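Below: data23.txt (compact mmCIF, C-alpha atoms)
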```txt
# COMPACT_ATOMS: atom_id res chain seq x y z
CA MET A 1 -3.60 -8.62 -0.58
CA ARG A 2 -0.76 -8.66 1.90
CA VAL A 3 1.43 -6.15 3.71
CA THR A 4 5.10 -6.66 2.90
CA GLN A 5 6.68 -3.81 4.88
CA ILE A 6 5.73 -1.33 7.62
CA GLU A 7 7.91 1.61 8.69
CA LEU A 8 7.20 3.96 11.59
CA ARG A 9 9.06 7.17 12.44
CA ASN A 10 8.26 9.20 15.57
CA PHE A 11 4.85 7.53 15.73
CA ARG A 12 3.44 7.27 19.27
CA ASN A 13 6.22 5.61 21.30
CA TYR A 14 8.23 4.46 18.23
CA ILE A 15 11.19 6.60 17.21
CA HIS A 16 12.05 4.32 14.30
CA ALA A 17 10.76 0.81 13.73
CA GLY A 18 10.09 -1.51 10.84
CA LEU A 19 8.77 -5.00 10.31
CA SER A 20 8.05 -7.39 7.49
CA PRO A 21 4.84 -9.27 8.32
CA ASP A 22 4.47 -12.93 7.46
CA PRO A 23 2.05 -13.65 4.58
CA ARG A 24 -0.07 -15.67 7.00
CA LEU A 25 0.06 -14.84 10.71
CA THR A 26 2.23 -12.27 12.48
CA VAL A 27 2.08 -11.96 16.27
CA LEU A 28 3.03 -8.85 18.25
CA THR A 29 3.46 -9.92 21.86
CA GLY A 30 4.59 -8.33 25.09
CA PRO A 31 3.25 -6.67 28.25
CA ASN A 32 0.51 -4.06 28.09
CA ALA A 33 1.30 -0.41 27.29
CA GLN A 34 4.46 -1.22 25.28
CA GLY A 35 3.20 -0.26 21.80
CA LYS A 36 1.50 -3.33 20.31
CA THR A 37 -1.75 -1.54 19.48
CA ASN A 38 0.21 1.41 18.10
CA VAL A 39 1.36 -0.75 15.18
CA LEU A 40 -2.22 -1.63 14.27
CA GLU A 41 -3.20 2.02 14.68
CA ALA A 42 -0.46 2.98 12.19
CA LEU A 43 -1.79 0.44 9.69
CA HIS A 44 -5.31 1.78 10.16
CA LEU A 45 -3.99 5.28 9.50
CA CYS A 46 -2.72 4.11 6.10
CA CYS A 47 -6.08 2.53 5.31
CA LEU A 48 -8.35 5.48 6.09
CA GLY A 49 -6.07 8.45 6.78
CA ARG A 50 -7.20 8.59 10.42
CA SER A 51 -6.68 6.87 13.73
CA HIS A 52 -9.35 4.58 15.18
CA ARG A 53 -8.45 5.76 18.70
CA THR A 54 -8.32 9.56 18.50
CA ALA A 55 -9.62 12.38 16.33
CA HIS A 56 -6.53 14.48 17.12
CA ASP A 57 -3.62 13.71 14.80
CA ARG A 58 -1.09 15.50 16.97
CA GLU A 59 -1.54 12.78 19.61
CA LEU A 60 0.07 10.34 17.16
CA ILE A 61 3.35 12.28 17.05
CA ALA A 62 5.96 11.08 19.52
CA TRP A 63 6.47 13.30 22.55
CA GLY A 64 8.98 16.06 21.84
CA GLN A 65 8.93 15.50 18.07
CA GLU A 66 7.53 17.85 15.40
CA ARG A 67 6.50 15.28 12.80
CA CYS A 68 5.90 11.60 12.27
CA SER A 69 5.36 9.25 9.36
CA VAL A 70 3.93 5.82 8.61
CA LYS A 71 4.71 3.95 5.38
CA VAL A 72 3.13 0.68 4.26
CA ALA A 73 3.95 -1.47 1.22
CA VAL A 74 1.15 -3.78 0.08
CA ARG A 75 1.25 -6.54 -2.53
CA ARG A 76 -2.07 -6.79 -4.36
CA SER A 77 -3.28 -8.79 -7.34
CA ASP A 78 -2.51 -5.82 -9.62
CA GLY A 79 0.97 -5.19 -8.23
CA LEU A 80 2.73 -3.32 -5.43
CA HIS A 81 1.00 -0.37 -3.75
CA GLU A 82 2.62 2.01 -1.30
CA ALA A 83 0.77 4.30 1.09
CA ALA A 84 2.31 6.86 3.43
CA VAL A 85 0.92 9.41 5.87
CA PHE A 86 2.97 12.31 7.25
CA LEU A 87 1.77 14.32 10.26
CA HIS A 88 3.21 17.70 11.28
CA ARG A 89 2.62 19.32 14.64
CA GLY A 90 3.01 22.97 13.74
CA ASP A 91 2.64 23.30 9.96
CA THR A 92 -0.43 24.83 8.35
CA LYS A 93 -0.89 21.64 6.35
CA ARG A 94 -0.58 19.14 9.18
CA LYS A 95 -1.41 15.97 7.26
CA GLN A 96 0.11 14.88 3.97
CA VAL A 97 -0.65 11.67 2.12
CA GLN A 98 1.40 9.89 -0.52
CA VAL A 99 0.27 7.06 -2.76
CA ASN A 100 2.93 5.18 -4.69
CA GLY A 101 5.47 7.88 -3.90
CA LYS A 102 3.35 10.81 -5.11
CA GLN A 103 1.61 13.31 -2.88
CA VAL A 104 -2.16 13.37 -3.34
CA ALA A 105 -4.41 16.37 -2.83
CA ARG A 106 -7.29 14.56 -1.12
CA ILE A 107 -7.36 11.89 1.58
CA GLY A 108 -10.00 10.09 -0.46
CA GLU A 109 -7.29 9.13 -2.96
CA LEU A 110 -5.76 6.94 -0.23
CA MET A 111 -8.87 4.75 0.03
CA GLY A 112 -8.70 1.27 -1.39
CA HIS A 113 -4.94 0.98 -1.89
CA PHE A 114 -4.55 -0.86 1.40
CA HIS A 115 -7.65 -2.52 2.81
CA GLY A 116 -7.54 -3.55 6.47
CA ILE A 117 -10.25 -4.81 8.79
CA LEU A 118 -9.61 -4.04 12.45
CA PHE A 119 -11.17 -6.12 15.22
CA SER A 120 -10.64 -4.95 18.80
CA PRO A 121 -12.41 -5.37 22.18
CA GLU A 122 -13.80 -1.84 21.74
CA ASP A 123 -15.84 -3.11 18.78
CA LEU A 124 -18.38 -4.39 21.28
CA SER A 125 -19.64 -0.79 21.12
CA ILE A 126 -21.14 -1.66 17.72
CA VAL A 127 -23.70 -3.72 19.63
CA LYS A 128 -23.83 -1.94 22.97
CA ASP A 129 -23.78 1.75 22.03
CA GLY A 130 -26.06 4.04 20.04
CA PRO A 131 -26.73 4.37 16.29
CA GLY A 132 -23.69 6.59 15.77
CA GLU A 133 -21.31 3.69 16.43
CA ARG A 134 -23.11 1.48 13.93
CA ARG A 135 -23.12 4.20 11.27
CA ARG A 136 -19.38 4.64 11.86
CA PHE A 137 -18.85 0.89 11.48
CA LEU A 138 -20.69 0.91 8.13
CA ASP A 139 -19.13 4.07 6.75
CA MET A 140 -15.53 3.18 7.61
CA GLU A 141 -15.75 -0.12 5.78
CA LEU A 142 -17.67 1.34 2.84
CA SER A 143 -15.10 4.13 2.44
CA GLN A 144 -12.39 1.51 1.91
CA LEU A 145 -14.47 -0.83 -0.20
CA ARG A 146 -16.06 1.86 -2.36
CA PRO A 147 -14.06 5.11 -2.14
CA VAL A 148 -16.92 7.03 -3.81
CA VAL A 149 -18.76 6.69 -0.48
CA PHE A 150 -16.01 8.66 1.28
CA TYR A 151 -16.69 11.63 -0.99
CA ALA A 152 -20.46 11.25 -0.57
CA LEU A 153 -19.96 11.37 3.20
CA GLN A 154 -17.92 14.54 2.88
CA ARG A 155 -20.52 16.21 0.63
CA TYR A 156 -23.32 15.20 2.94
CA ALA A 157 -21.51 16.46 6.06
CA ARG A 158 -20.86 19.84 4.41
CA ALA A 159 -24.45 20.21 3.21
CA LEU A 160 -25.82 19.16 6.60
CA SER A 161 -23.60 21.65 8.43
CA GLN A 162 -24.59 24.49 6.08
CA ARG A 163 -28.28 23.63 6.34
CA ASN A 164 -28.13 23.51 10.14
CA ASN A 165 -26.34 26.87 10.23
CA LEU A 166 -29.04 28.32 8.00
CA LEU A 167 -31.83 26.87 10.17
CA ARG A 168 -30.39 28.64 13.20
CA GLU A 169 -29.92 31.87 11.24
CA LEU A 170 -33.56 31.77 10.10
CA GLN A 171 -34.67 32.28 13.68
CA LYS A 172 -33.11 35.75 13.42
CA THR A 173 -33.46 36.44 9.68
CA PRO A 174 -36.63 34.82 8.25
CA ALA A 175 -35.98 36.41 4.85
CA LEU A 176 -33.31 33.77 4.18
CA ARG A 177 -35.97 31.06 4.07
CA ALA A 178 -35.94 30.85 0.26
CA THR A 179 -32.34 29.63 0.28
CA LEU A 180 -33.31 26.44 2.12
CA ASP A 181 -34.40 24.76 -1.12
CA ALA A 182 -30.88 24.80 -2.52
CA TRP A 183 -29.42 23.15 0.58
CA ASP A 184 -32.24 20.59 0.61
CA GLU A 185 -31.31 19.57 -2.91
CA GLN A 186 -27.62 19.22 -2.06
CA LEU A 187 -28.45 17.23 1.07
CA ALA A 188 -30.75 14.93 -0.88
CA GLU A 189 -28.22 14.30 -3.65
CA ALA A 190 -25.44 13.21 -1.30
CA GLY A 191 -27.80 11.56 1.18
CA VAL A 192 -29.48 9.29 -1.34
CA ALA A 193 -26.08 8.04 -2.54
CA LEU A 194 -25.25 7.10 1.06
CA VAL A 195 -28.56 5.30 1.56
CA LEU A 196 -28.14 3.25 -1.63
CA HIS A 197 -24.60 2.18 -0.74
CA ARG A 198 -25.48 1.39 2.87
CA ARG A 199 -28.50 -0.63 1.77
CA SER A 200 -26.62 -2.79 -0.73
CA TYR A 201 -23.72 -3.32 1.67
CA ILE A 202 -25.98 -4.32 4.56
CA GLU A 203 -27.80 -6.80 2.31
CA ALA A 204 -24.49 -8.49 1.46
CA LEU A 205 -23.23 -8.25 5.05
CA ALA A 206 -26.44 -9.68 6.50
CA ALA A 207 -26.30 -12.89 4.50
CA GLN A 208 -22.69 -13.60 5.51
CA ALA A 209 -23.13 -12.53 9.15
CA GLN A 210 -26.09 -14.89 9.53
CA LYS A 211 -24.03 -17.83 8.22
CA ASN A 212 -21.10 -16.93 10.46
CA TYR A 213 -23.24 -16.60 13.57
CA ALA A 214 -24.93 -19.95 12.97
CA ALA A 215 -21.55 -21.66 12.48
CA ILE A 216 -19.89 -20.09 15.52
CA ALA A 217 -22.76 -20.07 18.00
CA GLY A 218 -24.43 -23.27 16.89
CA GLU A 219 -27.79 -21.67 17.67
CA SER A 220 -31.02 -22.00 15.76
CA GLU A 221 -31.99 -18.36 16.30
CA PRO A 222 -30.93 -16.43 13.18
CA LEU A 223 -28.94 -13.20 13.35
CA ILE A 224 -30.90 -10.55 11.46
CA LEU A 225 -29.45 -7.22 10.25
CA ARG A 226 -32.07 -4.60 9.51
CA TYR A 227 -31.31 -1.23 7.94
CA CYS A 228 -33.42 1.53 9.50
CA THR A 229 -33.60 4.72 7.45
CA GLN A 230 -36.17 7.46 6.95
CA ILE A 231 -35.51 7.22 3.21
CA ASP A 232 -36.92 3.73 3.02
CA ALA A 233 -38.85 3.58 -0.25
CA ASP A 234 -37.97 1.04 -2.89
CA GLY A 235 -36.88 2.46 -6.19
CA ASP A 236 -34.05 4.17 -7.98
CA GLN A 237 -32.01 7.20 -7.00
CA GLN A 238 -34.55 9.64 -8.47
CA ALA A 239 -37.43 8.15 -6.48
CA LEU A 240 -35.42 8.21 -3.26
CA ALA A 241 -34.39 11.82 -3.84
CA ALA A 242 -38.02 12.84 -4.32
CA LEU A 243 -38.96 11.10 -1.05
CA PHE A 244 -36.05 12.73 0.80
CA LEU A 245 -37.04 16.21 -0.41
CA ALA A 246 -40.68 15.62 0.51
CA ARG A 247 -39.73 14.59 4.04
CA LEU A 248 -37.38 17.54 4.44
CA LEU A 249 -40.20 19.85 3.40
CA LYS A 250 -42.64 18.22 5.81
CA ALA A 251 -40.18 18.60 8.69
CA ARG A 252 -39.11 22.14 7.75
CA GLU A 253 -41.06 24.07 10.39
CA GLU A 254 -39.93 21.76 13.17
CA ASP A 255 -36.34 21.90 11.89
CA ILE A 256 -36.40 25.70 11.95
CA ARG A 257 -37.77 25.66 15.49
CA ARG A 258 -35.08 23.22 16.65
CA GLY A 259 -32.27 24.68 14.54
CA ALA A 260 -31.27 21.20 13.33
CA THR A 261 -32.08 18.78 10.50
CA SER A 262 -34.23 15.86 11.66
CA VAL A 263 -34.38 13.85 8.41
CA GLY A 264 -31.55 12.07 6.62
CA PRO A 265 -28.96 9.29 6.77
CA HIS A 266 -27.27 10.98 9.74
CA ARG A 267 -30.18 9.45 11.68
CA ASP A 268 -29.87 5.93 10.22
CA ASP A 269 -29.37 2.83 12.33
CA LEU A 270 -28.43 -0.82 11.86
CA ARG A 271 -30.60 -3.06 14.04
CA LEU A 272 -29.09 -6.35 15.19
CA LEU A 273 -31.68 -8.96 16.14
CA LEU A 274 -31.60 -12.49 17.54
CA GLY A 275 -34.93 -14.29 17.63
CA GLY A 276 -36.57 -11.00 16.74
CA ARG A 277 -35.15 -9.22 19.82
CA GLU A 278 -32.52 -6.49 20.03
CA VAL A 279 -29.10 -7.96 20.80
CA ARG A 280 -28.15 -4.67 22.49
CA VAL A 281 -30.91 -5.05 25.06
CA TYR A 282 -31.57 -8.76 25.38
CA GLY A 283 -28.37 -10.47 24.21
CA SER A 284 -26.03 -12.08 26.71
CA GLN A 285 -22.38 -10.98 26.85
CA GLY A 286 -21.43 -14.11 24.92
CA GLN A 287 -24.08 -13.51 22.27
CA GLN A 288 -22.99 -9.90 21.85
CA ARG A 289 -19.36 -10.91 21.37
CA THR A 290 -20.36 -13.58 18.87
CA VAL A 291 -22.45 -11.07 16.91
CA VAL A 292 -19.48 -8.69 16.63
CA LEU A 293 -17.19 -11.55 15.60
CA SER A 294 -19.76 -12.62 12.98
CA LEU A 295 -19.93 -9.06 11.62
CA LYS A 296 -16.14 -8.79 11.32
CA LEU A 297 -15.88 -12.12 9.54
CA ALA A 298 -18.75 -11.05 7.27
CA GLU A 299 -16.72 -7.96 6.35
CA LEU A 300 -13.96 -10.29 5.15
CA ASP A 301 -16.46 -12.28 3.10
CA VAL A 302 -17.97 -9.20 1.45
CA VAL A 303 -14.60 -7.66 0.58
CA ARG A 304 -13.42 -10.96 -0.90
CA ALA A 305 -16.59 -11.26 -3.01
CA GLU A 306 -16.54 -7.65 -4.21
CA ARG A 307 -12.79 -7.19 -4.77
CA GLY A 308 -11.66 -10.70 -5.61
CA GLU A 309 -8.97 -10.75 -2.91
CA ASN A 310 -8.74 -10.80 0.86
CA PRO A 311 -8.13 -7.68 2.94
CA VAL A 312 -5.62 -7.75 5.80
CA LEU A 313 -7.06 -8.64 9.20
CA LEU A 314 -5.86 -6.70 12.26
CA LEU A 315 -6.74 -8.34 15.60
CA ASP A 316 -6.06 -6.19 18.65
CA ASP A 317 -5.97 -8.40 21.76
CA VAL A 318 -9.28 -10.07 20.91
CA MET A 319 -8.20 -13.68 21.43
CA SER A 320 -8.16 -13.27 25.21
CA GLU A 321 -11.74 -11.97 25.02
CA LEU A 322 -13.02 -15.15 23.34
CA ASP A 323 -13.57 -18.57 24.87
CA PRO A 324 -11.48 -21.47 23.47
CA TYR A 325 -14.23 -22.64 21.12
CA ARG A 326 -14.68 -19.21 19.53
CA ARG A 327 -10.91 -18.78 19.24
CA ARG A 328 -10.72 -22.00 17.24
CA GLN A 329 -13.64 -20.89 15.06
CA LEU A 330 -11.92 -17.57 14.35
CA VAL A 331 -8.60 -19.27 13.53
CA GLU A 332 -10.28 -21.71 11.15
CA ARG A 333 -12.20 -19.01 9.29
CA ILE A 334 -9.22 -16.70 8.69
CA ALA A 335 -7.10 -19.36 6.99
CA GLY A 336 -5.56 -17.79 3.89
CA VAL A 337 -6.02 -14.22 5.20
CA GLN A 338 -2.93 -12.28 6.23
CA THR A 339 -3.48 -11.52 9.91
CA ILE A 340 -1.54 -9.33 12.33
CA VAL A 341 -2.52 -9.99 15.93
CA THR A 342 -1.52 -8.48 19.26
CA CYS A 343 -1.55 -10.47 22.49
CA THR A 344 0.14 -10.59 25.88
CA ASP A 345 0.16 -14.41 25.95
CA PRO A 346 0.80 -16.43 22.75
CA SER A 347 -1.13 -19.34 24.32
CA ASP A 348 -4.30 -17.31 23.55
CA LEU A 349 -3.87 -17.93 19.81
CA GLY A 350 -6.21 -20.90 19.77
CA GLY A 351 -3.68 -23.26 18.28
CA ALA A 352 -2.72 -21.01 15.36
CA GLU A 353 0.88 -21.33 14.19
CA PRO A 354 2.47 -17.88 13.67
CA GLY A 355 4.81 -17.34 10.77
CA ALA A 356 6.48 -14.39 12.50
CA VAL A 357 6.63 -13.25 16.12
CA TYR A 358 7.81 -9.83 17.30
CA ARG A 359 8.45 -8.97 20.92
CA VAL A 360 7.28 -5.43 21.68
CA ASN A 361 8.97 -3.54 24.51
CA ALA A 362 8.90 0.24 25.05
CA GLY A 363 8.51 1.06 21.38
CA THR A 364 10.98 -1.45 20.00
CA LEU A 365 10.22 -4.50 17.85
CA THR A 366 12.44 -7.56 18.16
CA ALA A 367 11.96 -10.59 15.92
CA GLN A 368 11.77 -13.83 17.90
```
Rewrite the structure of this file - the entire thing - as structure tokens.
Amino acid sequence: MRVTQIELRNFRNYIHAGLSPDPRLTVLTGPNAQGKTNVLEALHLCCLGRSHRTAHDRELIAWGQERCSVKVAVRRSDGLHEAAVFLHRGDTKRKQVQVNGKQVARIGELMGHFHGILFSPEDLSIVKDGPGERRRFLDMELSQLRPVVFYALQRYARALSQRNNLLRELQKTPALRATLDAWDEQLAEAGVALVLHRRSYIEALAAQAQKNYAAIAGESEPLILRYCTQIDADGDQQALAALFLARLLKAREEDIRRGATSVGPHRDDLRLLLGGREVRVYGSQGQQRTVVLSLKLAELDVVRAERGENPVLLLDDVMSELDPYRRRQLVERIAGVQTIVTCTDPSDLGGAEPGAVYRVNAGTLTAQ
């Protein structure tokens, strides 16, 4: 898979810009706050239909403009795919998505046409922050790799919201208690699908991340990924659903008292361990960075194995965060993967030879 063309209109600080990335390595260079990261954000928008930096789409529209658009052309093993996202500041329907020139009704139909893996300094939050960041890491990748997960997430979020609303209403109107069973069933159906997909993905990710960490760090302590879920029984979907329903029933009185659901994959976590100890608590800064790098490279490995082709790698100013040895390791392991990287100093590239270099200045792209 490779991006052949990117076009931005009124996106962030770009009024109109386009570039044709090299099949191997494309470098966006220039001072800070000129728009380098905005290009990667635009690509991410065409992968998942959302920014990785803000939940508010209107922030992506250039100041003083009413609408913006991002279009990406991608060459895959099965042919050319085109993805486009249009954002409108004032319209009732503020986001519109096109796939291969045709408007689609659901954002989920965008998933999988263009697969990008973004690696930025902020990804250290996967290790440092709480379970929510690790669930987000898993679900964003799974939504691209297996679009069915995106719809399961939507169904689960709706059922969870409705159940929580009902739990709070029950404190005032106990007669509604009988309706809880229906929401429990909907929550279990979508929740079990999430658990099964997360479990299988983490198993594949864990094997590759362990190999990557050993190669990069040169340490004997293995990196262990452990999926922590309340729906932890072995078995098929039916067995997991029965367990989920049983645990919801057991927690029902406490859930009613609290007005919130305490059981389900919205409470899952991904534990990251070195030598049996939590990397978040006991890992050094260098170990934490190496764990994140190992996870991102493992994403590449899993996508390649499951889809039969590489995704596109988006590196946002991460080279300067790595020591020279880890830069070289990263460069060696992404050979053959189309990579678009931002940096302020091309000497941070660890010896990689770019096929294309664009100078970024105040929302303009100039080929070097």
**OP:** Please provide as a VMD selection string all residues within 10 Å of Leu124 of chain A, with the sequence filter that same-chain residues fewer than 4 positions apart are discarded (counting only C-alpha atoms).
**Re:** chain A and resid 119 to 120 128 to 129 133 280 285 288 to 293
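Compared by their closest atoms to Leu314 of chain A, and using all atoms listed in the file, the residues A:Leu249, A:Ala42, A:Ala190, A:Leu110 rank with A:Ala42 nearest.
Minimum atom-to-atom distances from A:Tyr325, A:Tyr213, A:Phe11, A:Tyr201 to Tyr227 of chain A were compared using only C-alpha atoms, and the lowest value belongs to A:Tyr201.
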**OP:** Name the residues in contact with Ala260 of chain A at a cut-off of 10 Å, using only C-alpha atoms, excluding same-chain residues fewer than 5 positions from it; report them as a list of chain:residue names.
**Re:** A:Leu160, A:Ser161, A:Arg163, A:Asn164, A:Asn165, A:Leu166, A:Leu167, A:Arg168, A:Arg252, A:Glu254, A:Asp255
Near-Cys46 of chain A list (7 Å; only C-alpha atoms; drop same-chain fewer than 5 positions) as a PDB file with C-alpha atoms, keeping the file's coordinate frame:
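Below is the file selection.pdb, written as the result:
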```
ATOM      1  CA  ALA A  83       0.770   4.300   1.090  1.00  0.00           C
ATOM      2  CA  ALA A  84       2.310   6.860   3.430  1.00  0.00           C
ATOM      3  CA  VAL A  85       0.920   9.410   5.870  1.00  0.00           C
TER       4      VAL A  85
END
```
**OP:** Please provide the set of residues having any atom within 8 Å of Glu7 of chain A, restricted to all atoms listed in the file, with same-chain residues fewer than 3 positions apart removed, written as a PyMOL selection string.
**Re:** chain A and resi 16-19+70-72
Those residues with C-alpha atoms, as a JSON list (two decimals), in the coordinates of the input please?
```
[["chain", "number", "residue", "atom", "x", "y", "z"],
["A", 16, "HIS", "CA", 12.05, 4.32, 14.30],
["A", 17, "ALA", "CA", 10.76, 0.81, 13.73],
["A", 18, "GLY", "CA", 10.09, -1.51, 10.84],
["A", 19, "LEU", "CA", 8.77, -5.00, 10.31],
["A", 70, "VAL", "CA", 3.93, 5.82, 8.61],
["A", 71, "LYS", "CA", 4.71, 3.95, 5.38],
["A", 72, "VAL", "CA", 3.13, 0.68, 4.26]]
```
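The two atoms in question, atom CA of Ala246 of chain A and atom CA of Arg136 of chain A, are spaced 26.5 Å apart.
Residues in contact with Gln144 of chain A at up to 10 Å, not including ones fewer than 6 positions away on its chain and judged by all atoms listed in the file, are Cys47, Leu48, Gly108, Leu110, Met111, Gly112, His113, Phe114, His115, Gly116, Ile117, Phe150 and Val303 of chain A.
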Export of the given selection (C-alpha atoms) as a JSON list (two decimals), in the frame of the given file:
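File result-v5.json, as written:
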```json
[["chain", "number", "residue", "atom", "x", "y", "z"],
["A", 47, "CYS", "CA", -6.08, 2.53, 5.31],
["A", 48, "LEU", "CA", -8.35, 5.48, 6.09],
["A", 108, "GLY", "CA", -10.00, 10.09, -0.46],
["A", 110, "LEU", "CA", -5.76, 6.94, -0.23],
["A", 111, "MET", "CA", -8.87, 4.75, 0.03],
["A", 112, "GLY", "CA", -8.70, 1.27, -1.39],
["A", 113, "HIS", "CA", -4.94, 0.98, -1.89],
["A", 114, "PHE", "CA", -4.55, -0.86, 1.40],
["A", 115, "HIS", "CA", -7.65, -2.52, 2.81],
["A", 116, "GLY", "CA", -7.54, -3.55, 6.47],
["A", 117, "ILE", "CA", -10.25, -4.81, 8.79],
["A", 150, "PHE", "CA", -16.01, 8.66, 1.28],
["A", 303, "VAL", "CA", -14.60, -7.66, 0.58]]
```
Original post:
atom CA of Arg226 of chain A to atom CA of Val318 of chain A: how many Å, to one decimal?
Top reply: 26.1 Å
**OP:** Work out how far atom CA of Val337 of chain A is from atom CA of Leu273 of chain A, in Å to one decimal.
**Re:** 28.4 Å
First collect every listed atom of segment 182-199 of chain A; then fit an axis-aligned box around them, widen it by 3 Å on each side, and give centre and edge lengths in Å to one decimal, as AutoDock Vina command-line options.
```
--center_x -28.4 --center_y 12.1 --center_z -0.4 --size_x 13.6 --size_y 31.4 --size_z 12.5
```
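If only C-alpha atoms are the atoms counted, then among A:Gly49, A:Gly101, A:Gly363, A:Gly355 the closest residue to Leu80 of chain A is A:Gly101.
Each of A:Leu270, A:Leu243, A:Leu40, A:Leu187 was compared to Arg199 of chain A using all atoms listed in the file, and A:Leu270 turns out to be the nearest.
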